[in-house]
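J.: Have a look at this one before I ask anything.
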Amino acid sequence: MTVCDFFWALMPKNAPVGASLTGSRWLVFMTVLAVYICMIDRIAISIAIIPMAEDNGWSATVQGAVMSAFFLGYVTLQIPAGYLSDRFGGKWVLGLGVLFWSLFTLLTPASAALGITMLLACRFLMGVAEAVTWPSIYSLYSRWVHPDRRASAVGLMNSGISGGSVIALICTPWLISVWSWQGAFYLYGLLGILWFVVWAPLARSRPPNKTDWNTPGAMLATVEEGSLTDQNDVSAQSGYPRLTARGMLRSRAVWAIAIAHICINWSLYLVLSWFPTFVNRELGADLQLAGFLALAPVIVSLVMAPLAGRTFDRLVANGRNRLTVRRAMQSLAFVGITAAMMAITLTDSLILSATVITLSNALTAFSIGGFATNHLDIAPNQSGLLMGVTNTLAAVSSSASVFVSGWIQDVSGGWDAVFLTAAGVSIFGAVIYASLAGVEREFD
């Protein structure tokens, strides 16, 4: 069995005959690898920032600025990347993004040596390059992956968020101890360049043959039956409007997706960026132990993300109402975050704190069946653009979360206010998504 076959074995087997396209397994596999590399390069700074801050005497506010500069760049190309991927295909949008963010990863040590301004600029430009990742992958999946397997594919792809974080959290402290924090960035940057060398000559934006879900029968399938409508260049046939700013502002379903995305990212990047620092400075763990304690939440997410995607596909295939399943799974995610953020303020135990965050991440993975694949319901042919829009807003939330959390620490002198703020954000997201979510197709 090849690695690609192993990935496809995790997908549900209830898709119609002919749903699996030649090359789709390889494409899903390569996009999963791209997300792994994306997260390795992104998360390494959360460990490296500790020795970097010690070397340079940075305050928590400066550290927050360094980590949040990435997200300021991340917001800039989300929407253009989604539009270009939907219009011209995702191959080169994703490929060039991986190439350029890898180059900026390689340049991180040199920019830090030149001063905080150059480092902020480098992190900003790295964020610009990584901005293309999710919009371009969603666009590729809309053309290569059958509707009845998309949640599973997105679950596998999003497992790279956790998988890449695991690798960064394990390897970065070790690389720092045996080499240097600079060496970690050099090694990680090379991974993306090697990925691009494979991707560029072999990948395609669209299947060579028209996909079988473009047939009239597939186009007439209803969301209640668990199938989405056509995904490839059928705007004239479908009769659905194009995705516009006015249309999105008037859509309750778009608001639900966007707000859920914003609120999930607030807590997700609070944990990814600050949890190692929290257990190091507040709970007394050394640098290497801090990295290992931060592993448990992301390892759980690595397992739970594909499981959540497959669970959604199976429930819908077995006749469960798509909207009910989405609301239930997203509510589970928000409940887990809220409970964890409140509970962590009540304990000083290193092990209990790590356990609480781990359980929270297990439930957060159910977002795969909630907002995370909801884009493909309401705007299948422009899912890249819609993902670009919501991911832009979520990136603003991520940046705000990382920076504001550092500021709250400086102002309050502690962490309780940081975690209680995240709990409040999650409650808000849960209420809005449960009230406004929809699954019926609204746009081309």
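Residue numbering restarts at 1 in every chain; chains get A, B, ... in the order shown in the structure tokens, and ligands count up from 1 in that same order.
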Please provide as JSON, numbers by chain all residues within 12 Å of Ala53 of chain A, with the sequence filter that same-chain residues fewer than 2 positions apart are discarded (counting only C-alpha atoms).
T.: {"A": [45, 46, 47, 48, 49, 50, 51, 55, 56, 57, 58, 59, 60, 61, 62, 63, 64, 65, 66, 67, 112, 116, 181, 277]}
J.: Fewer than 2 positions away in the same chain doesn't count, so skip those; otherwise give me all residues within 6 Å of segment 423-437 of chain A, counting only C-alpha atoms, as a ChimeraX atom specification.
T.: /A:252-253,256,260,263,327,331,334,338,341,420-421
J.: Quick one: everything within 10 Å of segment 28-35 of chain A, counting only C-alpha atoms, minus sequence neighbours fewer than 4 positions away in the same chain. Send it as a PDB file with N, CA and C atoms, in the first residue's frame.
T.:
ATOM      1  N   VAL A   3       1.594   5.468   0.374  1.00  0.00           N
ATOM      2  CA  VAL A   3       1.150   6.476   1.324  1.00  0.00           C
ATOM      3  C   VAL A   3      -0.162   7.097   0.869  1.00  0.00           C
ATOM      4  N   CYS A   4      -0.292   7.344  -0.440  1.00  0.00           N
ATOM      5  CA  CYS A   4      -1.528   7.924  -0.969  1.00  0.00           C
ATOM      6  C   CYS A   4      -2.711   6.982  -0.741  1.00  0.00           C
ATOM      7  N   ASP A   5      -2.494   5.677  -0.916  1.00  0.00           N
ATOM      8  CA  ASP A   5      -3.562   4.704  -0.674  1.00  0.00           C
ATOM      9  C   ASP A   5      -3.967   4.706   0.796  1.00  0.00           C
ATOM     10  N   PHE A   6      -2.974   4.869   1.686  1.00  0.00           N
ATOM     11  CA  PHE A   6      -3.291   4.913   3.109  1.00  0.00           C
ATOM     12  C   PHE A   6      -4.198   6.104   3.415  1.00  0.00           C
ATOM     13  N   PHE A   7      -3.882   7.263   2.852  1.00  0.00           N
ATOM     14  CA  PHE A   7      -4.719   8.434   3.066  1.00  0.00           C
ATOM     15  C   PHE A   7      -6.129   8.179   2.552  1.00  0.00           C
ATOM     16  N   TRP A   8      -6.242   7.570   1.378  1.00  0.00           N
ATOM     17  CA  TRP A   8      -7.568   7.351   0.804  1.00  0.00           C
ATOM     18  C   TRP A   8      -8.352   6.297   1.580  1.00  0.00           C
ATOM     19  N   GLY A  23      -5.516  10.453  -9.774  1.00  0.00           N
ATOM     20  CA  GLY A  23      -4.702  11.597  -9.374  1.00  0.00           C
ATOM     21  C   GLY A  23      -5.220  12.326  -8.162  1.00  0.00           C
ATOM     22  N   SER A  24      -6.471  12.075  -7.755  1.00  0.00           N
ATOM     23  CA  SER A  24      -7.022  12.812  -6.622  1.00  0.00           C
ATOM     24  C   SER A  24      -6.378  12.382  -5.313  1.00  0.00           C
ATOM     25  N   MET A  39       2.403  24.651   8.645  1.00  0.00           N
ATOM     26  CA  MET A  39       2.296  24.783  10.096  1.00  0.00           C
ATOM     27  C   MET A  39       3.652  24.633  10.796  1.00  0.00           C
ATOM     28  N   ILE A  40       4.525  23.794  10.267  1.00  0.00           N
ATOM     29  CA  ILE A  40       5.875  23.708  10.840  1.00  0.00           C
ATOM     30  C   ILE A  40       6.538  25.082  10.798  1.00  0.00           C
ATOM     31  N   ASP A  41       6.491  25.709   9.628  1.00  0.00           N
ATOM     32  CA  ASP A  41       7.129  27.014   9.470  1.00  0.00           C
ATOM     33  C   ASP A  41       6.453  28.078  10.322  1.00  0.00           C
ATOM     34  N   LEU A  94      -1.078  27.708  -5.087  1.00  0.00           N
ATOM     35  CA  LEU A  94      -0.544  26.982  -3.938  1.00  0.00           C
ATOM     36  C   LEU A  94       0.964  26.775  -4.058  1.00  0.00           C
ATOM     37  N   GLY A  95       1.415  26.358  -5.243  1.00  0.00           N
ATOM     38  CA  GLY A  95       2.831  26.052  -5.426  1.00  0.00           C
ATOM     39  C   GLY A  95       3.741  27.236  -5.148  1.00  0.00           C
ATOM     40  N   GLY A  97       2.997  29.876  -3.446  1.00  0.00           N
ATOM     41  CA  GLY A  97       2.872  30.237  -2.040  1.00  0.00           C
ATOM     42  C   GLY A  97       3.841  29.440  -1.179  1.00  0.00           C
ATOM     43  N   VAL A  98       3.888  28.114  -1.387  1.00  0.00           N
ATOM     44  CA  VAL A  98       4.801  27.271  -0.618  1.00  0.00           C
ATOM     45  C   VAL A  98       6.252  27.683  -0.867  1.00  0.00           C
ATOM     46  N   GLU A 130       1.861  32.521   2.915  1.00  0.00           N
ATOM     47  CA  GLU A 130       1.040  31.433   3.447  1.00  0.00           C
ATOM     48  C   GLU A 130      -0.454  31.699   3.286  1.00  0.00           C
ATOM     49  N   THR A 133      -2.810  29.325   1.110  1.00  0.00           N
ATOM     50  CA  THR A 133      -2.909  27.886   1.347  1.00  0.00           C
ATOM     51  C   THR A 133      -4.343  27.369   1.307  1.00  0.00           C
ATOM     52  N   TRP A 134      -5.165  27.819   2.239  1.00  0.00           N
ATOM     53  CA  TRP A 134      -6.522  27.253   2.324  1.00  0.00           C
ATOM     54  C   TRP A 134      -7.419  27.642   1.159  1.00  0.00           C
ATOM     55  N   SER A 136      -6.611  28.149  -1.967  1.00  0.00           N
ATOM     56  CA  SER A 136      -6.221  27.369  -3.148  1.00  0.00           C
ATOM     57  C   SER A 136      -6.550  25.892  -2.971  1.00  0.00           C
ATOM     58  N   ILE A 137      -6.398  25.352  -1.762  1.00  0.00           N
ATOM     59  CA  ILE A 137      -6.719  23.941  -1.539  1.00  0.00           C
ATOM     60  C   ILE A 137      -8.216  23.705  -1.635  1.00  0.00           C
ATOM     61  N   LEU A 140      -9.032  23.553  -5.241  1.00  0.00           N
ATOM     62  CA  LEU A 140      -8.599  22.276  -5.823  1.00  0.00           C
ATOM     63  C   LEU A 140      -9.543  21.143  -5.432  1.00  0.00           C
ATOM     64  N   TYR A 141      -9.964  21.098  -4.182  1.00  0.00           N
ATOM     65  CA  TYR A 141     -10.867  20.035  -3.741  1.00  0.00           C
ATOM     66  C   TYR A 141     -12.223  20.122  -4.428  1.00  0.00           C
ATOM     67  N   TRP A 144     -11.505  18.263  -7.639  1.00  0.00           N
ATOM     68  CA  TRP A 144     -10.895  16.935  -7.637  1.00  0.00           C
ATOM     69  C   TRP A 144     -11.572  15.932  -6.704  1.00  0.00           C
ATOM     70  N   VAL A 145     -12.267  16.403  -5.678  1.00  0.00           N
ATOM     71  CA  VAL A 145     -12.807  15.508  -4.656  1.00  0.00           C
ATOM     72  C   VAL A 145     -14.328  15.518  -4.711  1.00  0.00           C
ATOM     73  N   ALA A 153     -11.807  14.663   3.198  1.00  0.00           N
ATOM     74  CA  ALA A 153     -10.587  15.227   2.624  1.00  0.00           C
ATOM     75  C   ALA A 153     -10.124  16.452   3.412  1.00  0.00           C
ATOM     76  N   VAL A 154     -11.078  17.316   3.764  1.00  0.00           N
ATOM     77  CA  VAL A 154     -10.726  18.506   4.547  1.00  0.00           C
ATOM     78  C   VAL A 154     -10.234  18.105   5.933  1.00  0.00           C
ATOM     79  N   GLY A 155     -10.827  17.049   6.507  1.00  0.00           N
ATOM     80  CA  GLY A 155     -10.345  16.555   7.789  1.00  0.00           C
ATOM     81  C   GLY A 155      -8.910  16.083   7.714  1.00  0.00           C
ATOM     82  N   LEU A 156      -8.582  15.327   6.654  1.00  0.00           N
ATOM     83  CA  LEU A 156      -7.194  14.894   6.454  1.00  0.00           C
ATOM     84  C   LEU A 156      -6.270  16.089   6.261  1.00  0.00           C
ATOM     85  N   MET A 157      -6.710  17.020   5.426  1.00  0.00           N
ATOM     86  CA  MET A 157      -5.885  18.194   5.166  1.00  0.00           C
ATOM     87  C   MET A 157      -5.667  19.007   6.440  1.00  0.00           C
ATOM     88  N   ASN A 158      -6.731  19.215   7.212  1.00  0.00           N
ATOM     89  CA  ASN A 158      -6.605  19.993   8.439  1.00  0.00           C
ATOM     90  C   ASN A 158      -5.857  19.251   9.538  1.00  0.00           C
ATOM     91  N   SER A 159      -5.713  17.924   9.394  1.00  0.00           N
ATOM     92  CA  SER A 159      -4.873  17.208  10.351  1.00  0.00           C
ATOM     93  C   SER A 159      -3.425  17.689  10.241  1.00  0.00           C
ATOM     94  N   GLY A 160      -3.085  18.278   9.091  1.00  0.00           N
ATOM     95  CA  GLY A 160      -1.758  18.851   8.923  1.00  0.00           C
ATOM     96  C   GLY A 160      -1.509  20.034   9.838  1.00  0.00           C
ATOM     97  N   ILE A 161      -2.590  20.711  10.266  1.00  0.00           N
ATOM     98  CA  ILE A 161      -2.429  21.790  11.241  1.00  0.00           C
ATOM     99  C   ILE A 161      -1.812  21.232  12.515  1.00  0.00           C
ATOM    100  N   SER A 162      -2.390  20.117  12.967  1.00  0.00           N
ATOM    101  CA  SER A 162      -1.873  19.480  14.183  1.00  0.00           C
ATOM    102  C   SER A 162      -0.567  18.747  13.919  1.00  0.00           C
ATOM    103  N   GLY A 163      -0.502  18.020  12.785  1.00  0.00           N
ATOM    104  CA  GLY A 163       0.700  17.255  12.482  1.00  0.00           C
ATOM    105  C   GLY A 163       1.921  18.140  12.336  1.00  0.00           C
ATOM    106  N   GLY A 164       1.762  19.244  11.621  1.00  0.00           N
ATOM    107  CA  GLY A 164       2.879  20.169  11.480  1.00  0.00           C
ATOM    108  C   GLY A 164       3.270  20.794  12.807  1.00  0.00           C
ATOM    109  N   LEU A 191      12.393  22.242   3.506  1.00  0.00           N
ATOM    110  CA  LEU A 191      11.311  21.277   3.277  1.00  0.00           C
ATOM    111  C   LEU A 191      10.342  21.772   2.202  1.00  0.00           C
ATOM    112  N   GLY A 192       9.962  23.041   2.286  1.00  0.00           N
ATOM    113  CA  GLY A 192       9.025  23.591   1.322  1.00  0.00           C
ATOM    114  C   GLY A 192       9.589  23.670  -0.081  1.00  0.00           C
ATOM    115  N   TRP A 195       9.305  20.262  -1.526  1.00  0.00           N
ATOM    116  CA  TRP A 195       7.905  19.999  -1.896  1.00  0.00           C
ATOM    117  C   TRP A 195       7.588  20.634  -3.251  1.00  0.00           C
ATOM    118  N   PHE A 196       8.025  21.859  -3.470  1.00  0.00           N
ATOM    119  CA  PHE A 196       7.740  22.570  -4.714  1.00  0.00           C
ATOM    120  C   PHE A 196       8.374  21.870  -5.905  1.00  0.00           C
ATOM    121  N   VAL A 198       8.692  18.765  -6.385  1.00  0.00           N
ATOM    122  CA  VAL A 198       7.821  17.643  -6.770  1.00  0.00           C
ATOM    123  C   VAL A 198       6.507  18.147  -7.341  1.00  0.00           C
ATOM    124  N   TRP A 199       5.927  19.146  -6.730  1.00  0.00           N
ATOM    125  CA  TRP A 199       4.589  19.632  -7.095  1.00  0.00           C
ATOM    126  C   TRP A 199       4.560  20.274  -8.485  1.00  0.00           C
ATOM    127  N   ALA A 203       1.571  18.393 -10.638  1.00  0.00           N
ATOM    128  CA  ALA A 203       0.223  18.777 -10.227  1.00  0.00           C
ATOM    129  C   ALA A 203      -0.561  19.389 -11.381  1.00  0.00           C
TER     130      ALA A 203
END
J.: Show which residues sit within 6 Å of Ser301 of chain A, as a PyMOL selection string. Count only C-alpha atoms, and ignore same-chain residues fewer than 2 positions away.
T.: chain A and resi 162+298-299+303-305+361-362
J.: Create the file for the chosen residues now, containing N, CA and C atoms and written as a PDB file, in the first residue's frame.
T.:
ATOM      1  N   SER A 162      -2.390  20.117  12.967  1.00  0.00           N
ATOM      2  CA  SER A 162      -1.873  19.480  14.183  1.00  0.00           C
ATOM      3  C   SER A 162      -0.567  18.747  13.919  1.00  0.00           C
ATOM      4  N   VAL A 298      -2.142  18.925  20.310  1.00  0.00           N
ATOM      5  CA  VAL A 298      -2.059  18.847  18.854  1.00  0.00           C
ATOM      6  C   VAL A 298      -2.059  17.405  18.352  1.00  0.00           C
ATOM      7  N   ILE A 299      -1.528  16.473  19.163  1.00  0.00           N
ATOM      8  CA  ILE A 299      -1.596  15.061  18.769  1.00  0.00           C
ATOM      9  C   ILE A 299      -3.046  14.596  18.742  1.00  0.00           C
ATOM     10  N   VAL A 303      -5.407  13.241  15.315  1.00  0.00           N
ATOM     11  CA  VAL A 303      -6.272  12.067  15.186  1.00  0.00           C
ATOM     12  C   VAL A 303      -7.722  12.469  14.948  1.00  0.00           C
ATOM     13  N   MET A 304      -8.171  13.505  15.658  1.00  0.00           N
ATOM     14  CA  MET A 304      -9.592  13.847  15.658  1.00  0.00           C
ATOM     15  C   MET A 304     -10.058  14.542  14.384  1.00  0.00           C
ATOM     16  N   ALA A 305      -9.197  15.302  13.728  1.00  0.00           N
ATOM     17  CA  ALA A 305      -9.633  16.030  12.532  1.00  0.00           C
ATOM     18  C   ALA A 305     -10.101  15.093  11.417  1.00  0.00           C
ATOM     19  N   ASN A 361      -9.014  20.543  22.563  1.00  0.00           N
ATOM     20  CA  ASN A 361      -8.647  20.359  21.161  1.00  0.00           C
ATOM     21  C   ASN A 361      -9.348  19.169  20.534  1.00  0.00           C
ATOM     22  N   ALA A 362      -9.601  18.129  21.333  1.00  0.00           N
ATOM     23  CA  ALA A 362     -10.318  16.967  20.818  1.00  0.00           C
ATOM     24  C   ALA A 362     -11.701  17.370  20.328  1.00  0.00           C
TER      25      ALA A 362
END
J.: Pro80 of chain A: which residues within 10 Å, counting only C-alpha atoms, same-chain residues fewer than 4 positions away excluded, as a PyMOL selection string?
T.: chain A and resi 76+84-86+93+131-132+135+384-385+388-389
